[in-house]
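Asks: Contents of structure_4.txt (compact mmCIF, C-alpha atoms):
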# COMPACT_ATOMS: atom_id res chain seq x y z
CA MET A 1 41.18 -26.98 -11.35
CA ARG A 2 42.24 -25.92 -14.83
CA ASP A 3 38.58 -25.64 -15.94
CA GLU A 4 37.76 -23.64 -12.84
CA ARG A 5 40.65 -21.22 -13.55
CA ARG A 6 39.58 -20.90 -17.17
CA ALA A 7 36.04 -20.16 -16.10
CA GLY A 8 37.36 -17.67 -13.66
CA THR A 9 39.39 -15.86 -16.32
CA THR A 10 36.50 -15.63 -18.77
CA ASP A 11 33.73 -14.87 -16.33
CA GLY A 12 35.72 -13.16 -13.63
CA PRO A 13 35.56 -9.56 -14.95
CA ALA A 14 31.73 -9.58 -15.14
CA PRO A 15 31.16 -9.42 -11.39
CA ALA A 16 33.64 -6.60 -11.16
CA ARG A 17 31.90 -4.74 -13.97
CA TRP A 18 28.38 -5.18 -12.57
CA SER A 19 28.98 -5.39 -8.84
CA GLY A 20 28.41 -1.69 -8.39
CA VAL A 21 24.96 -1.68 -10.06
CA PRO A 22 22.92 -2.88 -7.06
CA GLY A 23 24.74 -0.41 -4.89
CA ARG A 24 24.01 2.44 -7.28
CA LEU A 25 20.36 1.42 -7.50
CA ALA A 26 20.10 1.25 -3.71
CA SER A 27 21.77 4.63 -3.45
CA ALA A 28 19.38 6.12 -5.98
CA GLY A 29 16.43 4.59 -4.16
CA GLY A 30 17.72 5.97 -0.89
CA ARG A 31 18.02 9.45 -2.36
CA LEU A 32 14.48 9.19 -3.71
CA VAL A 33 13.16 8.18 -0.30
CA THR A 34 14.95 11.04 1.42
CA ARG A 35 13.37 13.47 -1.03
CA ILE A 36 9.84 12.39 -0.04
CA PRO A 37 8.52 14.84 2.57
CA THR A 38 8.10 13.29 6.01
CA ARG A 39 4.33 13.75 6.01
CA TRP A 40 3.92 12.10 2.64
CA GLY A 41 6.26 9.29 3.63
CA PHE A 42 4.09 8.51 6.65
CA VAL A 43 0.85 8.83 4.69
CA LEU A 44 2.09 6.53 1.94
CA ALA A 45 3.28 3.97 4.48
CA VAL A 46 -0.07 3.99 6.29
CA PHE A 47 -1.98 3.79 3.02
CA VAL A 48 0.01 0.83 1.71
CA GLY A 49 0.07 -0.88 5.10
CA SER A 50 -3.68 -0.64 5.64
CA LYS A 51 -4.29 -1.79 2.08
CA LEU A 52 -2.13 -4.87 2.54
CA VAL A 53 -3.55 -5.77 5.96
CA LEU A 54 -7.20 -5.39 4.96
CA SER A 55 -6.70 -7.21 1.67
CA LEU A 56 -4.96 -10.11 3.41
CA VAL A 57 -7.61 -10.32 6.12
CA GLY A 58 -10.33 -10.05 3.51
CA VAL A 59 -9.04 -12.93 1.42
CA LEU A 60 -8.48 -15.13 4.47
CA VAL A 61 -11.98 -14.51 5.85
CA LEU A 62 -13.63 -15.10 2.48
CA THR A 63 -11.66 -18.31 2.00
CA ALA A 64 -12.76 -19.57 5.41
CA TRP A 65 -16.34 -18.45 4.75
CA ASP A 66 -16.53 -20.56 1.59
CA GLY A 67 -16.62 -23.66 3.75
CA VAL A 68 -19.65 -22.54 5.74
CA PRO A 69 -22.93 -24.17 4.63
CA GLY A 70 -25.32 -21.67 3.07
CA ALA A 71 -22.66 -19.07 2.31
CA PRO A 72 -23.23 -16.55 0.95
CA PRO A 73 -26.71 -15.82 2.33
CA ALA A 74 -29.51 -16.26 -0.20
CA ASP A 75 -30.25 -12.54 -0.47
CA GLU A 76 -26.58 -11.80 -1.21
CA THR A 77 -26.04 -14.33 -3.99
CA MET A 78 -26.42 -11.65 -6.66
CA THR A 79 -23.79 -9.53 -4.91
CA ARG A 80 -21.31 -12.38 -5.21
CA ILE A 81 -22.14 -12.82 -8.90
CA GLN A 82 -21.67 -9.10 -9.56
CA GLN A 83 -18.36 -9.12 -7.72
CA ASP A 84 -17.10 -12.04 -9.80
CA ARG A 85 -18.01 -10.16 -12.98
CA ILE A 86 -15.78 -7.28 -11.90
CA SER A 87 -12.77 -9.42 -11.07
CA SER A 88 -11.90 -13.01 -10.30
CA HIS A 89 -9.35 -11.71 -7.78
CA ARG A 90 -11.04 -11.46 -4.43
CA TRP A 91 -8.68 -8.84 -3.06
CA ILE A 92 -10.22 -6.58 -5.71
CA SER A 93 -13.82 -7.76 -5.90
CA LEU A 94 -14.44 -7.66 -2.13
CA TRP A 95 -14.47 -3.84 -2.31
CA PHE A 96 -17.67 -3.77 -4.36
CA ALA A 97 -21.16 -4.10 -2.93
CA TRP A 98 -24.62 -2.67 -3.53
CA ASP A 99 -24.18 1.02 -4.34
CA SER A 100 -20.86 0.25 -6.03
CA PHE A 101 -22.72 -1.43 -8.87
CA LEU A 102 -25.13 1.50 -9.17
CA TYR A 103 -22.19 3.90 -9.44
CA ASP A 104 -20.69 1.61 -12.08
CA ASN A 105 -23.91 1.88 -14.07
CA LEU A 106 -23.88 5.68 -13.79
CA ALA A 107 -20.28 5.76 -14.97
CA ARG A 108 -21.26 3.82 -18.10
CA LEU A 109 -24.52 5.51 -19.05
CA PRO A 110 -24.16 7.40 -22.36
CA LEU A 111 -24.51 11.14 -22.07
CA ASP A 112 -26.13 11.57 -25.46
CA ARG A 113 -29.33 9.83 -24.38
CA PRO A 114 -32.05 10.85 -21.90
CA TRP A 115 -30.91 10.41 -18.31
CA ASN A 116 -33.28 8.42 -16.15
CA ASP A 117 -31.29 7.71 -12.99
CA PHE A 118 -31.24 10.62 -10.54
CA GLY A 119 -30.83 8.70 -7.29
CA PHE A 120 -27.17 9.64 -6.74
CA PRO A 121 -25.04 12.78 -7.14
CA LEU A 122 -22.77 12.46 -10.15
CA LEU A 123 -19.29 13.61 -9.09
CA TYR A 124 -17.98 10.19 -8.10
CA PRO A 125 -19.12 8.21 -11.18
CA PHE A 126 -18.19 11.07 -13.51
CA LEU A 127 -14.63 11.15 -12.15
CA ALA A 128 -14.32 7.52 -13.19
CA ARG A 129 -15.36 8.15 -16.79
CA PRO A 130 -12.05 9.59 -18.12
CA LEU A 131 -10.04 6.95 -16.24
CA ALA A 132 -11.94 3.93 -17.55
CA PRO A 133 -10.34 3.99 -21.05
CA LEU A 134 -6.91 3.91 -19.41
CA LEU A 135 -7.96 0.73 -17.58
CA GLY A 136 -9.24 -1.13 -20.60
CA GLY A 137 -12.75 0.30 -20.30
CA HIS A 138 -13.33 -1.10 -16.81
CA THR A 139 -15.42 1.60 -15.12
CA ALA A 140 -15.59 -0.43 -11.92
CA TRP A 141 -11.81 -0.45 -11.62
CA ALA A 142 -11.82 3.28 -12.34
CA LEU A 143 -14.26 3.81 -9.47
CA LEU A 144 -11.99 1.86 -7.14
CA LEU A 145 -9.00 3.89 -8.29
CA VAL A 146 -10.82 7.19 -7.65
CA ALA A 147 -11.80 6.04 -4.16
CA ASN A 148 -8.26 5.02 -3.26
CA VAL A 149 -6.59 8.13 -4.66
CA ALA A 150 -9.11 10.14 -2.63
CA LEU A 151 -8.17 8.08 0.43
CA LEU A 152 -4.51 8.89 -0.07
CA PHE A 153 -5.18 12.63 -0.15
CA GLN A 154 -7.69 12.25 2.67
CA LEU A 155 -4.95 10.89 4.92
CA TRP A 156 -2.66 13.78 3.98
CA PHE A 157 -5.27 16.41 4.85
CA ALA A 158 -6.09 14.53 8.06
CA TYR A 159 -2.40 14.67 9.00
CA ARG A 160 -2.17 18.42 8.34
CA LEU A 161 -5.50 19.40 9.87
CA GLY A 162 -5.06 17.10 12.85
CA ALA A 163 -1.66 18.53 13.69
CA ARG A 164 -3.02 22.08 13.43
CA LEU A 165 -6.19 21.58 15.46
CA LEU A 166 -4.49 19.53 18.14
CA GLY A 167 -2.07 22.39 18.70
CA ASP A 168 1.19 20.87 17.48
CA GLU A 169 1.98 20.13 21.13
CA ASP A 170 3.19 16.68 20.18
CA PRO A 171 4.95 15.74 16.92
CA GLY A 172 2.74 12.66 16.83
CA ASP A 173 -0.55 14.57 16.76
CA GLY A 174 -0.91 14.41 12.99
CA ARG A 175 -0.02 10.74 12.95
CA ARG A 176 -2.56 9.92 15.64
CA ALA A 177 -5.22 11.83 13.73
CA VAL A 178 -4.56 9.66 10.67
CA ARG A 179 -4.52 6.48 12.72
CA TYR A 180 -7.79 7.16 14.51
CA LEU A 181 -9.47 8.19 11.27
CA LEU A 182 -8.63 4.72 9.94
CA LEU A 183 -9.84 3.15 13.20
CA LEU A 184 -13.39 4.50 13.00
CA PRO A 185 -15.86 1.58 13.11
CA THR A 186 -16.40 1.18 9.37
CA ALA A 187 -13.26 2.92 8.07
CA PHE A 188 -12.51 -0.06 5.83
CA LEU A 189 -15.16 1.43 3.53
CA PHE A 190 -12.73 4.20 2.68
CA GLN A 191 -11.04 1.65 0.43
CA ALA A 192 -14.27 0.46 -1.20
CA ALA A 193 -15.79 1.64 -4.47
CA LEU A 194 -18.08 4.06 -2.64
CA THR A 195 -18.21 7.82 -2.06
CA GLU A 196 -16.92 7.79 1.53
CA SER A 197 -13.26 8.51 0.83
CA LEU A 198 -14.06 11.18 -1.76
CA PHE A 199 -16.51 13.00 0.50
CA VAL A 200 -14.25 12.94 3.57
CA CYS A 201 -11.24 13.96 1.48
CA LEU A 202 -13.09 17.01 0.16
CA ALA A 203 -14.47 17.85 3.62
CA LEU A 204 -11.03 17.68 5.22
CA ALA A 205 -9.56 19.75 2.38
CA ALA A 206 -12.29 22.40 2.75
CA PHE A 207 -11.62 22.78 6.48
CA TRP A 208 -7.85 22.75 6.00
CA TYR A 209 -7.97 25.61 3.52
CA ALA A 210 -10.52 27.41 5.68
CA GLU A 211 -8.06 27.29 8.56
CA GLN A 212 -5.47 28.71 6.16
CA ARG A 213 -7.93 31.51 5.23
CA ARG A 214 -7.76 30.52 1.58
CA TRP A 215 -11.45 31.06 1.03
CA LEU A 216 -11.49 30.91 -2.76
CA VAL A 217 -9.97 27.43 -2.59
CA VAL A 218 -12.53 26.56 0.10
CA GLY A 219 -15.32 27.60 -2.23
CA ILE A 220 -13.99 25.54 -5.13
CA VAL A 221 -13.45 22.45 -2.96
CA GLY A 222 -16.85 22.98 -1.33
CA TYR A 223 -18.50 23.17 -4.75
CA PHE A 224 -17.32 19.63 -5.51
CA LEU A 225 -18.08 18.53 -1.95
CA ALA A 226 -21.73 19.43 -2.49
CA MET A 227 -21.71 17.53 -5.79
CA SER A 228 -20.43 14.38 -4.10
CA ARG A 229 -23.26 13.96 -1.60
CA SER A 230 -26.43 15.86 -0.76
CA VAL A 231 -25.30 16.66 2.80
CA GLY A 232 -22.28 18.40 1.32
CA PHE A 233 -23.99 21.71 0.67
CA VAL A 234 -24.99 21.99 4.35
CA VAL A 235 -21.30 21.97 5.27
CA VAL A 236 -21.34 25.66 4.34
CA ILE A 237 -22.64 26.28 7.87
CA PRO A 238 -19.60 24.97 9.84
CA LEU A 239 -17.28 26.51 7.25
CA ALA A 240 -18.95 29.86 7.87
CA LEU A 241 -18.40 29.30 11.61
CA VAL A 242 -14.66 28.97 10.92
CA LEU A 243 -14.75 32.40 9.28
CA LEU A 244 -16.74 33.78 12.20
CA ARG A 245 -14.25 32.35 14.70
CA GLN A 246 -11.32 33.86 12.83
CA HIS A 247 -12.85 37.28 13.45
CA GLY A 248 -13.56 36.75 17.13
CA TRP A 249 -17.19 35.71 16.68
CA ARG A 250 -18.09 39.34 16.05
CA LEU A 251 -21.53 40.01 14.62
CA GLY A 252 -23.00 43.28 13.47
CA LEU A 253 -23.32 45.61 10.53
CA ARG A 254 -19.75 46.85 10.87
CA SER A 255 -18.39 43.31 10.52
CA LEU A 256 -20.62 42.39 7.59
CA PRO A 257 -18.49 43.97 4.79
CA ARG A 258 -15.42 42.05 6.00
CA TYR A 259 -17.30 38.76 6.07
CA VAL A 260 -18.67 39.37 2.58
CA ARG A 261 -15.26 40.37 1.23
CA GLU A 262 -13.53 37.27 2.59
CA GLY A 263 -16.29 34.70 2.69
CA TRP A 264 -18.18 35.24 -0.58
CA PRO A 265 -16.62 32.05 -2.07
CA LEU A 266 -18.70 30.08 0.42
CA LEU A 267 -21.62 30.70 -1.94
CA LEU A 268 -19.96 28.18 -4.25
CA VAL A 269 -20.75 25.38 -1.77
CA PRO A 270 -24.54 25.37 -2.20
CA ALA A 271 -23.95 26.20 -5.87
CA GLY A 272 -22.51 22.69 -6.23
CA TRP A 273 -25.80 21.10 -5.26
CA LEU A 274 -27.74 23.60 -7.36
CA THR A 275 -25.67 22.42 -10.33
CA PHE A 276 -26.92 18.88 -9.78
CA MET A 277 -30.48 20.15 -9.41
CA ALA A 278 -30.07 22.05 -12.67
CA PHE A 279 -28.89 18.82 -14.31
CA CYS A 280 -32.06 17.13 -13.03
CA ARG A 281 -34.16 19.97 -14.43
CA TRP A 282 -32.39 19.81 -17.79
CA GLN A 283 -32.80 16.06 -18.12
CA SER A 284 -36.23 15.53 -16.60
CA GLY A 285 -37.93 18.91 -16.27
CA ASP A 286 -37.95 18.43 -12.49
CA TRP A 287 -35.59 20.34 -10.19
CA PHE A 288 -36.27 17.78 -7.45
CA ALA A 289 -35.90 14.62 -9.51
CA TYR A 290 -33.25 13.44 -7.01
CA GLN A 291 -35.66 13.72 -4.09
CA HIS A 292 -38.48 12.04 -5.98
CA ALA A 293 -36.19 9.20 -7.05
CA GLN A 294 -35.19 8.63 -3.42
CA GLU A 295 -38.80 8.66 -2.28
CA LYS A 296 -39.88 6.22 -4.96
CA GLY A 297 -36.90 3.90 -4.82
CA TRP A 298 -36.15 3.74 -1.11
CA GLY A 299 -39.15 5.29 0.62
CA ILE A 300 -37.08 8.20 1.93
CA LYS A 301 -38.99 11.17 3.34
CA VAL A 302 -37.60 14.05 5.36
CA GLN A 303 -38.41 13.55 9.04
CA ASN A 304 -37.34 14.65 12.50
CA PRO A 305 -33.93 12.94 12.97
CA LEU A 306 -34.34 12.75 16.74
CA GLY A 307 -37.63 10.94 16.30
CA VAL A 308 -36.06 8.53 13.83
CA ALA A 309 -33.22 7.82 16.24
CA GLY A 310 -35.59 7.40 19.17
CA SER A 311 -37.75 4.93 17.25
CA ALA A 312 -34.75 2.69 16.70
CA LEU A 313 -33.60 2.87 20.31
CA VAL A 314 -36.99 1.79 21.68
CA GLY A 315 -37.81 -0.59 18.85
CA ASP A 316 -37.37 -4.35 18.75
CA ASN A 317 -34.79 -4.43 15.93
CA SER A 318 -31.43 -5.04 17.59
CA ALA A 319 -29.46 -4.17 14.44
CA ASN A 320 -31.12 -0.77 14.20
CA ARG A 321 -30.49 -0.11 17.89
CA PHE A 322 -26.83 -0.99 17.44
CA ARG A 323 -26.47 1.38 14.51
CA VAL A 324 -28.14 4.28 16.28
CA TRP A 325 -26.18 3.69 19.49
CA ILE A 326 -23.00 4.07 17.43
CA ALA A 327 -24.37 7.38 16.15
CA VAL A 328 -25.23 8.47 19.70
CA ALA A 329 -21.75 7.52 20.90
CA MET A 330 -20.14 9.59 18.14
CA LEU A 331 -22.29 12.59 19.01
CA LEU A 332 -21.36 12.26 22.69
CA VAL A 333 -17.65 12.04 21.86
CA ALA A 334 -17.97 15.15 19.70
CA ALA A 335 -20.00 17.03 22.32
CA VAL A 336 -17.44 16.33 25.04
CA GLY A 337 -14.30 16.68 22.95
CA LEU A 338 -15.34 19.70 20.88
CA ARG A 339 -17.02 21.84 23.53
CA ARG A 340 -14.42 24.62 23.37
CA ARG A 341 -15.48 27.63 21.32
CA ALA A 342 -12.54 27.17 18.98
CA ASP A 343 -13.87 23.71 18.09
CA TRP A 344 -17.52 24.68 17.56
CA PRO A 345 -17.29 24.56 13.74
CA TYR A 346 -16.24 20.93 13.94
CA LEU A 347 -18.95 20.14 16.47
CA ALA A 348 -21.52 21.70 14.15
CA TYR A 349 -20.14 19.67 11.24
CA THR A 350 -20.38 16.42 13.23
CA VAL A 351 -23.95 17.13 14.28
CA ILE A 352 -24.88 17.85 10.67
CA VAL A 353 -23.36 14.72 9.12
CA VAL A 354 -24.95 12.53 11.81
CA LEU A 355 -28.43 14.06 11.98
CA VAL A 356 -29.01 14.84 8.29
CA PRO A 357 -28.87 11.15 7.28
CA LEU A 358 -31.21 10.30 10.16
CA SER A 359 -33.65 12.87 8.81
CA MET A 360 -34.23 10.57 5.82
CA GLY A 361 -36.29 8.26 8.01
CA PRO A 362 -36.12 4.54 8.87
CA PRO A 363 -34.69 3.50 5.46
CA VAL A 364 -31.41 5.12 6.51
CA TYR A 365 -30.83 2.55 9.26
CA LYS A 366 -29.27 0.06 6.84
CA SER A 367 -26.65 2.58 5.66
CA LEU A 368 -26.19 4.58 8.85
CA LEU A 369 -22.84 3.04 9.81
CA ARG A 370 -21.56 3.98 6.39
CA TYR A 371 -22.78 7.58 6.60
CA LEU A 372 -21.23 8.03 10.04
CA LEU A 373 -17.77 7.78 8.46
CA ALA A 374 -18.18 11.42 7.42
CA ALA A 375 -17.78 12.49 11.08
CA PHE A 376 -14.00 12.86 10.89
CA PRO A 377 -13.82 15.27 13.90
CA VAL A 378 -14.53 12.26 16.13
CA ALA A 379 -11.14 10.87 15.09
CA LEU A 380 -9.49 14.17 16.04
CA VAL A 381 -11.08 14.02 19.49
CA LEU A 382 -9.88 10.46 20.00
CA ALA A 383 -6.39 11.46 18.89
CA ARG A 384 -6.41 14.25 21.47
CA TRP A 385 -7.57 11.91 24.24
CA ALA A 386 -4.93 9.36 23.22
CA ARG A 387 -2.24 11.72 24.50
CA ARG A 388 -3.03 10.50 28.00
CA PRO A 389 -0.56 7.84 29.17
CA GLY A 390 -1.88 4.32 28.81
CA LEU A 391 -5.09 5.25 26.99
CA ASP A 392 -3.83 5.04 23.41
CA PRO A 393 -3.29 1.24 23.37
CA TRP A 394 -6.72 0.56 24.82
CA LEU A 395 -8.50 2.88 22.39
CA THR A 396 -6.57 1.43 19.48
CA ALA A 397 -7.27 -2.17 20.46
CA GLY A 398 -10.96 -1.57 21.15
CA LEU A 399 -11.59 0.24 17.88
CA ALA A 400 -9.56 -2.29 15.91
CA LEU A 401 -11.62 -5.16 17.33
CA LEU A 402 -14.90 -3.38 16.57
CA GLN A 403 -13.83 -2.59 13.02
CA GLY A 404 -12.55 -6.11 12.53
CA ALA A 405 -15.93 -7.54 13.50
CA LEU A 406 -17.77 -5.17 11.15
CA PHE A 407 -15.29 -5.92 8.38
CA ALA A 408 -16.07 -9.62 8.76
CA VAL A 409 -19.76 -8.78 8.44
CA TRP A 410 -19.00 -6.91 5.22
CA LEU A 411 -16.91 -9.75 3.85
CA THR A 412 -19.52 -12.40 4.55
CA TYR A 413 -22.06 -10.42 2.51
CA TRP A 414 -24.27 -9.42 5.43
CA THR A 415 -23.91 -5.93 4.06
CA HIS A 416 -27.39 -4.86 5.12
CA LEU A 417 -25.92 -4.08 8.51
CA ILE A 418 -23.53 -1.54 7.01
CA ILE A 419 -24.71 -0.36 3.60
Would it be possible to restate this file's structure as structure tokens?
Replies:
Amino acid sequence: MRDERRAGTTDGPAPARWSGVPGRLASAGGRLVTRIPTRWGFVLAVFVGSKLVLSLVGVLVLTAWDGVPGAPPADETMTRIQQDRISSHRWISLWFAWDSFLYDNLARLPLDRPWNDFGFPLLYPFLARPLAPLLGGHTAWALLLVANVALLFQLWFAYRLGARLLGDEDPGDGRRAVRYLLLLPTAFLFQAALTESLFVCLALAAFWYAEQRRWLVVGIVGYFLAMSRSVGFVVVIPLALVLLRQHGWRLGLRSLPRYVREGWPLLLVPAGWLTFMAFCRWQSGDWFAYQHAQEKGWGIKVQNPLGVAGSALVGDNSANRFRVWIAVAMLLVAAVGLRRRADWPYLAYTVIVVLVPLSMGPPVYKSLLRYLLAAFPVALVLARWARRPGLDPWLTAGLALLQGALFAVWLTYWTHLII
């Protein structure tokens, strides 16, 4: 008892002196949380939550797959080796496949030597270059960081644009728009070291600022949109339709000066792709080095997209039929849900980002499910339909199951179905 009292007298004041620290820290943390705008709080929660869920599922599936004889498939063995070179942690390495390694190579190529690889636009790998030194020179990690930062801002623009386009009739409109964007069939690719999150982020930002009539910002964002993927410069068409809608769809000589005065920054959108073509000309002497690289490397040739889709639907390749039926379903959802005149710009955008990839011919089948992620208006339509009582849970469950199955395909290295 005496020892206990002595210990109490020597150590007793310490708890009194430090007991308030956790409370002060909690109070400071609470004040910090309250200062985060509601939209950003939701977006951050969804971003972190989806990251944790997909990473956990990914590691569990890969661990189970290791026990399957013949895993990974013979034609994916090199993918596994390349992933292990990037990181021994599977929750990181699972987000790299195929084009990820090509982007990594582009991010590492020295700029003071002749450039020989023109198969991909350069915005995504070039954004990773200044970040790589901060990550110990790991360009692959820098690519993953760029993709995930883009995803974070993508969700924010989806929240804002979704709430605006759905009419703000329900406080949950913006949240549903974000949720259904992440429930699109292959939305897990937004977190991968690929261009999907960057392209969709820039597309959403361009439309958001167009709806705000901030056309100079639209032009700047559209410039980088066109540099992120070849289909980006064609997005100038639906953006121009937003401008046309804002002026009552009026056409004529009297309206032309107003359109020119407000919409001239839209010229920056195709200028983005012209910049890449100029780079090709500077490095190779060929303005169309990108097109020739695609033709030589992947057998891509511009074709009638409807004919390409029809060939898959009547062909004997079940995987190709599945991919194209997903594309058809997305077009039908857009056609039904965006038939109002006010929504025509988003219908035009969806048609463009679905049909332009199909115009590349049969080689696009393998990557079609990936390219379809660009059709973000489909998520807005689903969010609008989900207002109906009882429909939201069914849509959510159905899309989650479909994405889960496709995610398992990705994880087990059968990536030819998706990328």
Asks: Identify which of the residues A:Leu399, A:Leu111, A:Ala383, A:Ala374 lies closest to Phe190 in chain A, counting only C-alpha atoms when measuring atom-to-atom distances.
Replies: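 Nearest candidate to Phe190 in chain A out of A:Leu399, A:Leu111, A:Ala383, A:Ala374: A:Ala374.
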Asks: So that I can see what lies close to range 360-371 of chain A, please list as a compact mmCIF listing (two decimals) with C-alpha atoms, in the coordinates of the input the residues with an atom at most 9 Å from it, counting all atoms listed in the file and leaving out residues fewer than 2 positions away in the same chain.
Replies:
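Output below, filename part.txt:
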# COMPACT_ATOMS: atom_id res chain seq x y z
CA PRO A 185 -15.86 1.58 13.11
CA THR A 186 -16.40 1.18 9.37
CA ALA A 187 -13.26 2.92 8.07
CA LEU A 189 -15.16 1.43 3.53
CA GLU A 196 -16.92 7.79 1.53
CA TRP A 298 -36.15 3.74 -1.11
CA GLY A 299 -39.15 5.29 0.62
CA ILE A 300 -37.08 8.20 1.93
CA LYS A 301 -38.99 11.17 3.34
CA VAL A 302 -37.60 14.05 5.36
CA GLN A 303 -38.41 13.55 9.04
CA ASN A 304 -37.34 14.65 12.50
CA PRO A 305 -33.93 12.94 12.97
CA GLY A 307 -37.63 10.94 16.30
CA VAL A 308 -36.06 8.53 13.83
CA ALA A 309 -33.22 7.82 16.24
CA SER A 311 -37.75 4.93 17.25
CA ALA A 312 -34.75 2.69 16.70
CA ALA A 319 -29.46 -4.17 14.44
CA ASN A 320 -31.12 -0.77 14.20
CA ARG A 323 -26.47 1.38 14.51
CA VAL A 324 -28.14 4.28 16.28
CA ILE A 326 -23.00 4.07 17.43
CA ALA A 327 -24.37 7.38 16.15
CA VAL A 353 -23.36 14.72 9.12
CA VAL A 354 -24.95 12.53 11.81
CA VAL A 356 -29.01 14.84 8.29
CA PRO A 357 -28.87 11.15 7.28
CA LEU A 358 -31.21 10.30 10.16
CA LEU A 373 -17.77 7.78 8.46
CA ALA A 374 -18.18 11.42 7.42
CA ALA A 375 -17.78 12.49 11.08
CA THR A 415 -23.91 -5.93 4.06
CA HIS A 416 -27.39 -4.86 5.12
CA LEU A 417 -25.92 -4.08 8.51
CA ILE A 418 -23.53 -1.54 7.01
CA ILE A 419 -24.71 -0.36 3.60
Asks: Please report the interatomic distance between CA of Val235 in chain A and CA of Leu204 in chain A in Å with one decimal.
Replies: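 CA of Val235 in chain A sits 11.1 Å away from CA of Leu204 in chain A.
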Asks: Tell me, as number ranges by chain, which residues lie within 8 Å of range 282-296 of chain A, counting only C-alpha atoms; anything in the same chain fewer than 2 positions away does not count.
Replies: A: 114-120, 277-280, 298-301
Asks: Just to be explicit: take each residue in the selection above, keep C-alpha atoms, and write the result as a short mmCIF file (atom, residue, chain, number, x, y, z; two decimals), in the frame of the given file.
Replies:
data_model
loop_
_atom_site.label_atom_id
_atom_site.label_comp_id
_atom_site.auth_asym_id
_atom_site.auth_seq_id
_atom_site.Cartn_x
_atom_site.Cartn_y
_atom_site.Cartn_z
CA PRO A 114 -32.05 10.85 -21.90
CA TRP A 115 -30.91 10.41 -18.31
CA ASN A 116 -33.28 8.42 -16.15
CA ASP A 117 -31.29 7.71 -12.99
CA PHE A 118 -31.24 10.62 -10.54
CA GLY A 119 -30.83 8.70 -7.29
CA PHE A 120 -27.17 9.64 -6.74
CA MET A 277 -30.48 20.15 -9.41
CA ALA A 278 -30.07 22.05 -12.67
CA PHE A 279 -28.89 18.82 -14.31
CA CYS A 280 -32.06 17.13 -13.03
CA TRP A 298 -36.15 3.74 -1.11
CA GLY A 299 -39.15 5.29 0.62
CA ILE A 300 -37.08 8.20 1.93
CA LYS A 301 -38.99 11.17 3.34
#
Asks: CA of Phe96 in chain A and CA of Asp84 in chain A, how far apart in Å?
Replies: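 The value is 9.9 Å.
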Asks: If we count only C-alpha atoms, what is near Gly404 in chain A at a cut-off of 12 Å, once residues fewer than 2 positions away on the same chain are taken out, given as a ChimeraX atom specification?
Replies: /A:53-54,57-58,61,182-188,396-402,406-411
Asks: Show which residues sit within 9 Å of Pro345 in chain A, as a ChimeraX atom specification. Count all atoms listed in the file, and ignore same-chain residues fewer than 3 positions away.
Replies: /A:237-242,245,338,341-342,348-350
Asks: How would the residues just chosen look if you wrote them out with C-alpha atoms as a tab-separated table (two decimals), in the coordinates of the input?
Replies:
chain	number	residue	atom	x	y	z
A	237	ILE	CA	-22.64	26.28	7.87
A	238	PRO	CA	-19.60	24.97	9.84
A	239	LEU	CA	-17.28	26.51	7.25
A	240	ALA	CA	-18.95	29.86	7.87
A	241	LEU	CA	-18.40	29.30	11.61
A	242	VAL	CA	-14.66	28.97	10.92
A	245	ARG	CA	-14.25	32.35	14.70
A	338	LEU	CA	-15.34	19.70	20.88
A	341	ARG	CA	-15.48	27.63	21.32
A	342	ALA	CA	-12.54	27.17	18.98
A	348	ALA	CA	-21.52	21.70	14.15
A	349	TYR	CA	-20.14	19.67	11.24
A	350	THR	CA	-20.38	16.42	13.23
Asks: Extract, using all atoms listed in the file, all DNA, RNA and protein residues at most 6 Å from Val178 in chain A, discarding same-chain residues fewer than 4 positions from it, and format them as a list in words.
Replies: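 The neighbour list is Leu155, Ala158 and Tyr159 of chain A.
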